[in-house]
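Dumped upload-v1.tsv below, it's TSV, C-alpha atoms:
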chain	number	residue	atom	x	y	z
A	10	MET	CA	41.67	45.76	-55.98
A	11	PHE	CA	41.58	42.69	-53.76
A	12	ILE	CA	45.22	43.21	-52.70
A	13	ILE	CA	44.54	46.84	-51.86
A	14	ALA	CA	41.40	45.95	-49.88
A	15	PHE	CA	43.24	43.19	-48.03
A	16	SER	CA	46.09	45.56	-47.17
A	17	ILE	CA	43.68	48.18	-45.85
A	18	THR	CA	41.89	45.56	-43.73
A	19	CYS	CA	45.16	44.28	-42.21
A	20	LYS	CA	46.30	47.82	-41.35
A	21	ALA	CA	42.95	48.54	-39.71
A	22	GLN	CA	43.11	45.36	-37.63
A	23	ASN	CA	46.71	46.04	-36.55
A	24	LYS	CA	46.11	49.68	-35.64
A	25	THR	CA	47.10	50.31	-32.04
A	26	LEU	CA	44.24	51.57	-29.88
A	27	ALA	CA	44.33	53.64	-26.71
A	28	PRO	CA	44.61	51.66	-23.44
A	29	LYS	CA	40.97	52.20	-22.52
A	30	LEU	CA	38.45	49.66	-21.28
A	31	GLU	CA	35.98	50.79	-23.94
A	32	ASN	CA	38.38	49.36	-26.57
A	33	ILE	CA	38.25	45.89	-25.04
A	34	ALA	CA	34.56	45.81	-24.10
A	35	TRP	CA	34.02	42.95	-26.60
A	36	ILE	CA	35.54	40.61	-24.00
A	37	ALA	CA	32.38	40.96	-21.89
A	38	GLY	CA	30.07	37.94	-21.86
A	39	THR	CA	29.80	34.31	-20.86
A	40	TRP	CA	32.37	32.10	-22.58
A	41	HIS	CA	32.83	28.32	-22.66
A	42	GLY	CA	35.65	26.21	-24.07
A	43	GLN	CA	38.05	23.30	-23.61
A	44	ALA	CA	41.21	23.82	-21.52
A	45	PHE	CA	43.66	21.87	-19.38
A	46	GLY	CA	41.86	18.59	-19.99
A	47	GLY	CA	38.49	19.95	-18.90
A	48	ILE	CA	35.78	22.53	-19.56
A	49	ALA	CA	36.55	26.21	-18.97
A	50	GLU	CA	33.88	28.79	-18.15
A	51	GLU	CA	34.82	32.48	-18.07
A	52	ILE	CA	32.31	35.26	-17.38
A	53	TRP	CA	33.39	38.88	-17.96
A	54	SER	CA	31.39	41.94	-16.89
A	55	LYS	CA	31.07	45.09	-18.97
A	56	PRO	CA	33.37	48.00	-18.10
A	57	SER	CA	32.22	50.06	-15.10
A	58	GLY	CA	33.98	52.02	-12.38
A	59	GLY	CA	37.29	51.81	-14.21
A	60	SER	CA	37.45	48.01	-14.33
A	61	MET	CA	36.12	44.78	-15.80
A	62	MET	CA	35.65	41.72	-13.57
A	63	ALA	CA	35.57	38.00	-14.37
A	64	THR	CA	35.14	34.63	-12.75
A	65	PHE	CA	36.78	31.50	-14.18
A	66	LYS	CA	35.96	27.88	-13.42
A	67	LEU	CA	37.63	24.72	-14.70
A	68	THR	CA	35.79	21.41	-14.40
A	69	ALA	CA	36.89	17.93	-15.43
A	70	ASN	CA	35.00	14.67	-14.92
A	71	ASN	CA	32.16	16.67	-13.32
A	72	GLN	CA	34.50	18.03	-10.61
A	73	VAL	CA	35.79	21.56	-10.09
A	74	LYS	CA	39.59	21.75	-10.44
A	75	PHE	CA	40.04	25.42	-9.60
A	76	TYR	CA	38.52	28.90	-9.74
A	77	GLU	CA	39.90	32.32	-10.60
A	78	ILE	CA	38.83	35.88	-9.91
A	79	GLU	CA	40.15	38.26	-12.56
A	80	ILE	CA	40.07	41.99	-13.10
A	81	ILE	CA	41.27	44.33	-15.81
A	82	ARG	CA	41.62	47.84	-14.38
A	83	GLU	CA	42.80	51.20	-15.49
A	84	ILE	CA	45.98	52.29	-13.72
A	85	GLY	CA	47.67	55.48	-14.80
A	86	ASN	CA	47.63	55.62	-18.59
A	87	THR	CA	47.49	51.87	-19.09
A	88	LEU	CA	45.62	48.68	-18.13
A	89	ILE	CA	46.63	45.73	-16.02
A	90	LEU	CA	45.12	42.24	-15.75
A	91	GLN	CA	45.27	40.78	-12.24
A	92	LEU	CA	43.99	37.47	-10.93
A	93	LYS	CA	43.92	35.16	-7.94
A	94	HIS	CA	43.49	31.36	-7.94
A	95	PHE	CA	41.30	29.30	-5.61
A	96	GLY	CA	40.98	25.56	-5.11
A	97	SER	CA	37.65	23.73	-5.31
A	98	ASP	CA	37.19	24.49	-1.58
A	99	LEU	CA	37.74	28.22	-2.30
A	100	LYS	CA	41.06	28.28	-0.44
A	101	GLY	CA	43.46	30.68	-2.11
A	102	TRP	CA	46.61	29.60	-3.90
A	103	GLU	CA	48.27	33.00	-3.52
A	104	THR	CA	48.92	34.72	-0.19
A	105	LYS	CA	46.45	37.28	1.16
A	106	ASP	CA	47.84	40.34	-0.67
A	107	GLU	CA	49.46	38.54	-3.60
A	108	THR	CA	48.09	38.72	-7.15
A	109	VAL	CA	49.26	37.36	-10.50
A	110	ASP	CA	49.77	40.41	-12.69
A	111	PHE	CA	49.81	40.79	-16.49
A	112	PRO	CA	50.83	44.31	-17.64
A	113	LEU	CA	49.34	45.57	-20.90
A	114	ILE	CA	51.51	45.52	-24.04
A	115	GLU	CA	49.06	46.74	-26.69
A	116	ILE	CA	45.47	46.80	-27.89
A	117	THR	CA	44.44	46.41	-31.53
A	118	VAL	CA	41.02	46.05	-33.11
A	119	ASN	CA	40.90	42.29	-32.57
A	120	LYS	CA	43.55	41.66	-29.90
A	121	VAL	CA	44.36	42.60	-26.32
A	122	VAL	CA	47.96	41.65	-25.56
A	123	PHE	CA	49.10	41.45	-21.96
A	124	GLU	CA	52.50	40.18	-20.86
A	125	GLY	CA	51.76	36.45	-20.61
A	126	MET	CA	48.12	36.48	-21.74
A	127	THR	CA	46.45	37.48	-25.02
A	128	PHE	CA	42.75	37.82	-25.92
A	129	GLU	CA	41.99	37.42	-29.64
A	130	LYS	CA	38.59	38.26	-31.12
A	131	ILE	CA	37.57	35.80	-33.86
A	132	SER	CA	33.94	36.93	-34.18
A	133	ASN	CA	31.22	38.37	-31.98
A	134	THR	CA	30.72	34.91	-30.46
A	135	GLU	CA	34.23	33.41	-30.70
A	136	MET	CA	37.41	34.31	-28.82
A	137	ASN	CA	40.82	32.69	-28.33
A	138	VAL	CA	42.80	33.23	-25.14
A	139	TYR	CA	46.53	32.41	-25.10
A	140	VAL	CA	48.15	31.85	-21.70
A	141	ASP	CA	51.90	31.46	-21.13
A	142	LEU	CA	52.69	28.77	-18.54
A	143	LYS	CA	56.19	28.30	-17.08
A	144	ASP	CA	57.33	24.90	-15.79
A	145	LYS	CA	59.84	24.23	-12.99
A	146	GLU	CA	62.76	24.40	-15.43
A	147	GLY	CA	61.61	27.82	-16.65
A	148	LYS	CA	60.40	26.58	-20.02
A	149	VAL	CA	57.37	28.52	-21.29
A	150	GLU	CA	54.45	26.80	-23.01
A	151	THR	CA	51.59	28.76	-24.56
A	152	VAL	CA	48.14	27.19	-24.02
A	153	LYS	CA	45.30	28.18	-26.34
A	154	ILE	CA	41.70	28.22	-25.12
A	155	SER	CA	39.08	28.48	-27.88
A	156	TYR	CA	35.97	30.07	-26.40
A	157	LYS	CA	32.43	30.45	-27.69
A	158	LYS	CA	30.05	33.00	-26.23
A	159	LYS	CA	26.58	32.09	-25.06
A	160	ASN	CA	23.94	33.89	-27.09
A	161	PRO	CA	22.47	36.63	-24.84
A	162	THR	CA	19.42	37.02	-27.10
A	163	PRO	CA	16.67	34.47	-26.38
A	164	LYS	CA	15.77	32.33	-29.36
A	165	HIS	CA	12.32	32.80	-30.88
A	166	ILE	CA	10.06	29.95	-29.76
A	167	ASN	CA	8.82	28.24	-32.91
A	168	GLN	CA	7.19	25.32	-31.14
A	169	PHE	CA	6.89	24.57	-27.41
A	170	ILE	CA	6.58	21.01	-26.07
A	171	THR	CA	6.65	19.80	-22.48
A	172	VAL	CA	8.33	16.42	-21.99
A	173	LYS	CA	7.42	14.14	-19.09
A	174	LYS	CA	10.05	12.30	-17.06
A	175	ALA	CA	10.04	8.50	-17.20
A	176	LYS	CA	9.67	6.78	-13.82
A	177	THR	CA	11.90	4.02	-15.13
A	178	ASN	CA	14.31	4.42	-18.02
A	179	PRO	CA	12.90	3.02	-21.28
A	180	VAL	CA	14.63	-0.10	-22.60
A	181	ILE	CA	15.89	0.49	-26.14
A	182	ASN	CA	14.44	-2.54	-27.90
A	183	GLY	CA	12.14	-1.10	-30.58
A	184	LYS	CA	9.06	-2.60	-28.92
A	185	ALA	CA	7.61	0.56	-27.33
A	186	ASP	CA	6.47	-1.49	-24.34
A	187	ASP	CA	7.73	0.82	-21.56
A	188	PRO	CA	5.07	2.48	-19.32
A	189	ILE	CA	6.05	6.03	-20.30
A	190	TRP	CA	5.09	5.46	-23.95
A	191	SER	CA	1.51	4.48	-23.10
A	192	ASP	CA	1.26	7.63	-20.96
A	193	THR	CA	2.57	10.04	-23.62
A	194	ASP	CA	0.78	11.65	-26.57
A	195	TRP	CA	1.90	11.32	-30.19
A	196	LEU	CA	3.31	14.39	-31.95
A	197	PRO	CA	3.13	14.86	-35.74
A	198	LEU	CA	6.02	14.52	-38.18
A	199	ASN	CA	4.34	16.11	-41.19
A	200	GLU	CA	6.08	19.32	-42.35
A	201	LEU	CA	7.58	19.07	-45.86
A	202	TRP	CA	11.08	20.56	-45.79
A	203	LEU	CA	12.35	19.30	-49.13
A	204	GLY	CA	10.91	17.58	-52.23
A	205	GLU	CA	7.46	17.13	-53.69
A	206	ALA	CA	4.27	16.59	-51.71
A	207	HIS	CA	3.85	12.95	-50.68
A	208	THR	CA	0.87	10.74	-49.97
A	209	GLU	CA	0.23	8.78	-46.76
A	210	ASP	CA	0.81	5.59	-48.74
A	211	ASP	CA	4.37	6.78	-49.39
A	212	PHE	CA	5.10	8.23	-45.94
A	213	SER	CA	3.56	9.18	-42.61
A	214	GLY	CA	5.26	9.73	-39.27
A	215	ARG	CA	4.71	10.60	-35.64
A	216	TYR	CA	6.79	10.56	-32.45
A	217	LYS	CA	6.84	10.72	-28.65
A	218	LEU	CA	9.43	12.08	-26.20
A	219	SER	CA	10.45	11.35	-22.63
A	220	TRP	CA	13.52	11.91	-20.48
A	221	ALA	CA	15.53	10.64	-17.55
A	222	GLU	CA	18.55	12.07	-15.78
A	223	ASP	CA	20.92	10.34	-18.19
A	224	ALA	CA	19.33	11.10	-21.57
A	225	LEU	CA	16.47	12.26	-23.77
A	226	TYR	CA	14.34	9.39	-25.12
A	227	LEU	CA	12.50	9.25	-28.44
A	228	LEU	CA	9.92	6.90	-29.90
A	229	ALA	CA	9.15	7.36	-33.60
A	230	GLU	CA	6.65	5.51	-35.76
A	231	ILE	CA	7.49	5.80	-39.45
A	232	LYS	CA	5.33	4.38	-42.22
A	233	ASP	CA	7.45	4.19	-45.37
A	234	ASP	CA	6.60	1.89	-48.27
A	235	VAL	CA	10.24	1.54	-49.43
A	236	LEU	CA	13.38	1.46	-47.23
A	237	ILE	CA	16.63	2.37	-48.98
A	238	ASP	CA	20.22	2.16	-47.69
A	239	LYS	CA	22.32	2.12	-50.84
A	240	ASN	CA	25.57	3.54	-49.43
A	241	SER	CA	27.58	0.86	-47.63
A	242	ASP	CA	30.03	3.54	-46.46
A	243	PRO	CA	28.18	5.34	-43.60
A	244	LEU	CA	30.10	8.56	-44.35
A	245	GLN	CA	29.14	8.73	-48.02
A	246	ALA	CA	26.04	10.85	-48.88
A	247	TRP	CA	24.34	9.63	-45.70
A	248	TRP	CA	21.53	12.16	-46.18
A	249	ASP	CA	20.37	10.46	-49.41
A	250	ASP	CA	19.44	7.18	-47.72
A	251	ASP	CA	16.34	6.64	-45.60
A	252	CYS	CA	17.27	7.83	-42.14
A	253	LEU	CA	15.88	9.42	-39.01
A	254	GLU	CA	17.47	12.80	-38.22
A	255	ILE	CA	17.49	14.21	-34.70
A	256	PHE	CA	18.41	17.86	-34.10
A	257	ILE	CA	19.60	18.76	-30.59
A	258	ASP	CA	20.59	22.15	-29.15
A	259	GLU	CA	21.10	21.33	-25.49
A	260	ASP	CA	20.74	24.90	-24.18
A	261	ASN	CA	18.21	26.08	-26.80
A	262	SER	CA	20.49	29.00	-27.66
A	263	GLY	CA	19.91	28.77	-31.42
A	264	GLY	CA	22.46	30.04	-33.91
A	265	GLU	CA	24.70	28.56	-36.59
A	266	HIS	CA	26.04	25.03	-36.09
A	267	GLN	CA	27.11	23.80	-39.53
A	268	TYR	CA	30.71	22.95	-38.64
A	269	ASN	CA	30.68	23.36	-34.87
A	270	HIS	CA	28.91	21.79	-31.91
A	271	ASN	CA	26.66	24.66	-30.94
A	272	ALA	CA	24.06	22.02	-31.87
A	273	PHE	CA	24.01	18.52	-33.35
A	274	ALA	CA	22.18	17.02	-36.35
A	275	TYR	CA	22.32	13.25	-35.87
A	276	HIS	CA	21.45	11.14	-38.93
A	277	ILE	CA	20.51	7.62	-37.77
A	278	ALA	CA	20.87	5.22	-40.70
A	279	LEU	CA	18.86	2.02	-41.16
A	280	ASP	CA	21.90	0.06	-39.96
A	281	GLY	CA	22.14	2.17	-36.78
A	282	ASN	CA	25.19	4.27	-37.67
A	283	VAL	CA	24.97	7.87	-36.49
A	284	VAL	CA	26.56	10.65	-38.56
A	285	ASP	CA	26.93	14.42	-38.22
A	286	MET	CA	29.34	17.03	-39.55
A	287	SER	CA	32.51	17.43	-37.50
A	288	THR	CA	34.52	20.58	-36.86
A	289	GLU	CA	36.82	19.36	-39.67
A	290	LYS	CA	33.90	19.92	-42.09
A	291	THR	CA	33.58	16.22	-42.87
A	292	GLY	CA	31.13	13.52	-41.80
A	293	LYS	CA	31.97	11.76	-38.53
A	294	LEU	CA	30.42	8.83	-36.67
A	295	TYR	CA	28.84	9.76	-33.34
A	296	ASN	CA	27.60	6.27	-32.45
A	297	SER	CA	28.50	6.78	-28.78
A	298	HIS	CA	25.96	9.64	-28.56
A	299	ILE	CA	22.97	7.62	-29.71
A	300	GLU	CA	21.60	4.20	-28.82
A	301	SER	CA	18.82	3.12	-31.18
A	302	LYS	CA	16.79	0.07	-32.16
A	303	ARG	CA	14.50	-0.19	-35.17
A	304	THR	CA	11.90	-2.90	-35.70
A	305	THR	CA	9.99	-3.08	-38.99
A	306	LYS	CA	6.78	-4.93	-39.77
A	307	GLY	CA	5.30	-4.43	-43.22
A	308	ASN	CA	5.73	-0.76	-44.04
A	309	THR	CA	5.81	0.40	-40.39
A	310	SER	CA	9.08	0.96	-38.49
A	311	ILE	CA	9.32	1.66	-34.78
A	312	TRP	CA	12.48	3.55	-33.79
A	313	GLU	CA	13.37	3.71	-30.12
A	314	VAL	CA	16.25	6.06	-29.35
A	315	LYS	CA	18.33	7.15	-26.35
A	316	ILE	CA	20.06	10.50	-26.92
A	317	LEU	CA	22.97	11.72	-24.79
A	318	LEU	CA	23.31	15.49	-24.57
A	319	PHE	CA	26.54	17.51	-24.79
A	320	ASP	CA	27.09	21.26	-24.55
A	321	ASP	CA	28.82	23.48	-27.10
A	322	SER	CA	32.26	22.94	-25.57
A	323	TYR	CA	32.22	19.43	-27.07
A	324	ASN	CA	35.66	18.55	-28.47
A	325	ASP	CA	35.88	16.04	-31.34
A	326	ASP	CA	39.43	15.14	-30.29
A	327	GLY	CA	39.02	15.13	-26.51
A	328	GLU	CA	37.14	13.41	-23.72
A	329	ASN	CA	33.57	14.61	-23.23
A	330	THR	CA	31.07	13.93	-20.46
A	331	PRO	CA	27.31	13.73	-21.22
A	332	LEU	CA	25.16	16.23	-19.36
A	333	LYS	CA	22.78	15.29	-16.59
A	334	LEU	CA	19.19	16.37	-17.27
A	335	TYR	CA	16.86	17.97	-14.72
A	336	ILE	CA	13.34	19.30	-14.29
A	337	GLY	CA	12.93	22.67	-15.95
A	338	LYS	CA	15.77	22.28	-18.44
A	339	ILE	CA	15.12	23.85	-21.85
A	340	ILE	CA	16.38	22.06	-25.00
A	341	GLY	CA	16.24	22.92	-28.69
A	342	PHE	CA	14.82	20.00	-30.67
A	343	ALA	CA	13.53	18.99	-34.07
A	344	LEU	CA	12.97	15.66	-35.78
A	345	ALA	CA	13.01	14.81	-39.47
A	346	TYR	CA	12.98	11.85	-41.83
A	347	CYS	CA	14.92	11.50	-45.08
A	348	ASP	CA	12.74	9.51	-47.48
A	349	ASN	CA	14.18	7.94	-50.62
A	350	ASP	CA	12.45	5.27	-52.66
A	351	TYR	CA	14.51	4.57	-55.77
A	352	SER	CA	16.26	7.85	-56.63
A	353	LYS	CA	19.95	8.80	-56.67
A	354	GLU	CA	19.19	11.50	-54.08
A	355	ARG	CA	16.57	11.67	-51.34
A	356	GLU	CA	13.12	12.50	-52.64
A	357	ASN	CA	11.56	14.03	-49.53
A	358	PHE	CA	12.66	15.51	-46.24
A	359	ILE	CA	9.85	15.71	-43.68
A	360	GLY	CA	10.27	17.62	-40.41
A	361	SER	CA	8.47	18.11	-37.12
A	362	ILE	CA	8.27	21.89	-37.22
A	363	TYR	CA	7.05	24.52	-39.65
A	364	VAL	CA	9.88	26.54	-41.24
A	365	GLU	CA	9.12	29.91	-42.82
A	366	GLY	CA	10.29	30.86	-46.32
A	367	LYS	CA	11.06	28.88	-49.45
A	368	ASP	CA	14.30	27.33	-48.15
A	369	LYS	CA	13.11	25.02	-45.40
A	370	ASN	CA	16.15	22.74	-45.34
A	371	LYS	CA	17.94	24.84	-42.72
A	372	GLY	CA	18.14	22.58	-39.69
A	373	TRP	CA	21.61	21.23	-40.47
A	374	ILE	CA	22.96	24.81	-40.38
A	375	ASP	CA	20.63	26.96	-38.26
A	376	ALA	CA	19.46	25.92	-34.79
A	377	ASN	CA	17.08	28.87	-34.67
A	378	ILE	CA	14.48	26.81	-36.54
A	379	PHE	CA	14.41	24.11	-33.82
A	380	GLY	CA	11.46	23.80	-31.50
A	381	THR	CA	11.75	24.15	-27.73
A	382	LEU	CA	11.40	21.34	-25.19
A	383	LYS	CA	10.85	21.88	-21.48
A	384	LEU	CA	11.52	18.92	-19.18
A	385	ILE	CA	8.84	18.39	-16.55
A	386	ASN	CA	8.16	15.77	-13.87
Kindly return the structure encoded in the file as structure tokens.
Amino acid sequence: MFIIAFSITCKAQNKTLAPKLENIAWIAGTWHGQAFGGIAEEIWSKPSGGSMMATFKLTANNQVKFYEIEIIREIGNTLILQLKHFGSDLKGWETKDETVDFPLIEITVNKVVFEGMTFEKISNTEMNVYVDLKDKEGKVETVKISYKKKNPTPKHINQFITVKKAKTNPVINGKADDPIWSDTDWLPLNELWLGEAHTEDDFSGRYKLSWAEDALYLLAEIKDDVLIDKNSDPLQAWWDDDCLEIFIDEDNSGGEHQYNHNAFAYHIALDGNVVDMSTEKTGKLYNSHIESKRTTKGNTSIWEVKILLFDDSYNDDGENTPLKLYIGKIIGFALAYCDNDYSKERENFIGSIYVEGKDKNKGWIDANIFGTLKLIN
């Protein structure tokens, strides 16, 4: 039965469709990905007036490398993709009446194949584009751009917090002696996400937030009677040691992020190592994303943290530039603490936001449960 079902699925996906714009309407949307050593942004309109229109921008090191204007239009009983290139100063690469043309070869359920360019639908929010590039010797190389679509549906606001800008950047020393911290209110860390109910003698937590152009800043006060870091390997069961976990969705788009960088779930261990899941579905150190300092006196730890933000085009194997923050920016955020006293696995997981339902341990997969931060002056 499985073989029959698989065969039917393959035939359905490979079925040739009519050369109509309605059969490629899934291309419409705002897409971001890595390409040509930089970040590619491609925005396609829905079909109207016999065509679809797009703009393309490539940036690297915070500088625009080039732009494109693209159209797919109906011509006769087929489609054609046409585009023109522009430099960062908007001066055209092609002559006035010249276009780069890609005639249509075929359309299937999940592919649009032009001569020299192919669009492949992976899911409703993922698309691969393959572009054939010819060098001076005539050799053709196919470049793959893996795109993700921005979620057009606003995320439900579970918690809304305004975050004040620091006049001077906090110094990460675990002392909480910067002016912004005395001018900022504490927020509770008290929602049980996993484990049995705990007493204040076992755990209590609270936190503050601030920001500057370079990063988001966090101050957390954690009262924990026992600190455990039993795994010397930072990539082994890091969630079962005592650690501070910071959830960041830089554009507050929500959605799944288990093995992608639509959002991040940074586990900060007692020794300062920072771990999250990579796109290879294994733990990876992201120490360059987080600067932290913990000071502990008695059963009270002060964590001071600087958090760099990256968008969902982040590439584990490439060069990535942290985002600059600004007044009015909206960020998805949650905070949690893994508490383990003497057990093989963590005993409690306490978060900053209420999560509906019985399964509250969703933050490492679903960014929809995050709260919402708005940066203010």
*Which residue out of A:Phe128, A:Phe256, A:Phe273, A:Trp312 has the minimum interatomic distance to Lys217 (chain A) when all atoms listed in the file are used?*
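Distance minimum relative to Lys217 (chain A) lands on A:Trp312.
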*Find the residues near Ile116 (chain A): any atom within 7 Å, counting all atoms listed in the file, skip ones fewer than 4 places away on the same chain, and give them as a ChimeraX atom specification.*
/A:25-26,28,120-122
_Exercise: region 84-94 of chain A partners within 9 Å, all atoms listed in the file, chain neighbours under 3 positions left out, as a VMD selection string_ = chain A and resid 27 to 30 59 75 to 81 99 to 103 107 to 114 123 126
*Just how far from CA of Tyr156 (chain A) is CA of Ala37 (chain A), in Å to one decimal?*
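The value is 12.3 Å.
The spacing separating CA of Pro243 (chain A) from CA of Val284 (chain A) amounts to 7.5 Å.
For the pair CA of Pro163 (chain A) and CA of Lys369 (chain A), the interatomic distance is 21.5 Å.
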*Using all atoms listed in the file, which residues sit within 10 Å of Ala206 (chain A) once same-chain residues fewer than 5 positions away are excluded, as a list in words?*
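Using all atoms listed in the file, the neighbours found are Glu200, Leu201, Glu356, Asn357 and Ile359 of chain A.
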For those residues, write C-alpha atoms to a file as a compact mmCIF listing (two decimals), in the frame of the given file.
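File produced: part_12.txt:
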# COMPACT_ATOMS: atom_id res chain seq x y z
CA GLU A 200 6.08 19.32 -42.35
CA LEU A 201 7.58 19.07 -45.86
CA GLU A 356 13.12 12.50 -52.64
CA ASN A 357 11.56 14.03 -49.53
CA ILE A 359 9.85 15.71 -43.68
*Best match for closeness to Leu218 (chain A) among A:Leu344, A:Leu67, A:Val364, A:Ala49, counting all atoms listed in the file*: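 Closest candidate: A:Leu344.
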At a cut-off of 9 Å, can you tabulate as JSON lines every residue of region 96-126 of chain A near region 132-150 of chain A together with its closest atom pair and the distance in Å to one decimal, using all atoms listed in the file and ordering rows by chain then number?
{"residue": "A:Asn119", "atom": "CA", "partner": "A:Ser132", "partner_atom": "CA", "distance": 8.9}
{"residue": "A:Glu124", "atom": "CA", "partner": "A:Asp141", "partner_atom": "CA", "distance": 8.7}
{"residue": "A:Gly125", "atom": "CA", "partner": "A:Asp141", "partner_atom": "CA", "distance": 5.0}
{"residue": "A:Met126", "atom": "CA", "partner": "A:Val140", "partner_atom": "CA", "distance": 4.6}
*asked:* List the spatial neighbours of region 320-325 of chain A as a PyMOL selection string - criterion: any atom at most 7 Å away, only C-alpha atoms, same-chain residues fewer than 4 positions off excluded.
replied: chain A and resi 41-43+48+259+270-272+329
Preceding selection exported with C-alpha atoms as a PDB file, keeping the file's coordinate frame:
ATOM      1  CA  HIS A  41      32.830  28.320 -22.660  1.00  0.00           C
ATOM      2  CA  GLY A  42      35.650  26.210 -24.070  1.00  0.00           C
ATOM      3  CA  GLN A  43      38.050  23.300 -23.610  1.00  0.00           C
ATOM      4  CA  ILE A  48      35.780  22.530 -19.560  1.00  0.00           C
ATOM      5  CA  GLU A 259      21.100  21.330 -25.490  1.00  0.00           C
ATOM      6  CA  HIS A 270      28.910  21.790 -31.910  1.00  0.00           C
ATOM      7  CA  ASN A 271      26.660  24.660 -30.940  1.00  0.00           C
ATOM      8  CA  ALA A 272      24.060  22.020 -31.870  1.00  0.00           C
ATOM      9  CA  ASN A 329      33.570  14.610 -23.230  1.00  0.00           C
TER      10      ASN A 329
END
*Leaving out Gly214 (chain A) and any residue of its chain fewer than 3 positions from it, which residues lie within 8 Å of it when counting all atoms listed in the file, given as JSON, numbers by chain?*
{"A": [197, 198, 199, 229, 230, 231, 232]}
*asked:* Ranking A:Ala278, A:Gln267, A:Lys153, A:Asn386 by minimum distance to Ala221 (chain A) and counting only C-alpha atoms, which one comes first?
replied: A:Asn386
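Nearest to Asn71 (chain A) of all the residues A:His165, A:Lys173, A:Lys333, A:His276 is A:Lys333, counting all atoms listed in the file.
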_I need every residue sitting at most 7 Å from the point (12.9, 4.1, -34.0) (coordinates as in the file, all atoms listed in the file considered), written as number ranges by chain._
A: 183, 228-230, 301-303, 310-314
*Pick the closest to Thr151 (chain A) from A:Lys24, A:Asp238, A:Phe45, A:Glu50: which is it, counting all atoms listed in the file?*
A:Phe45
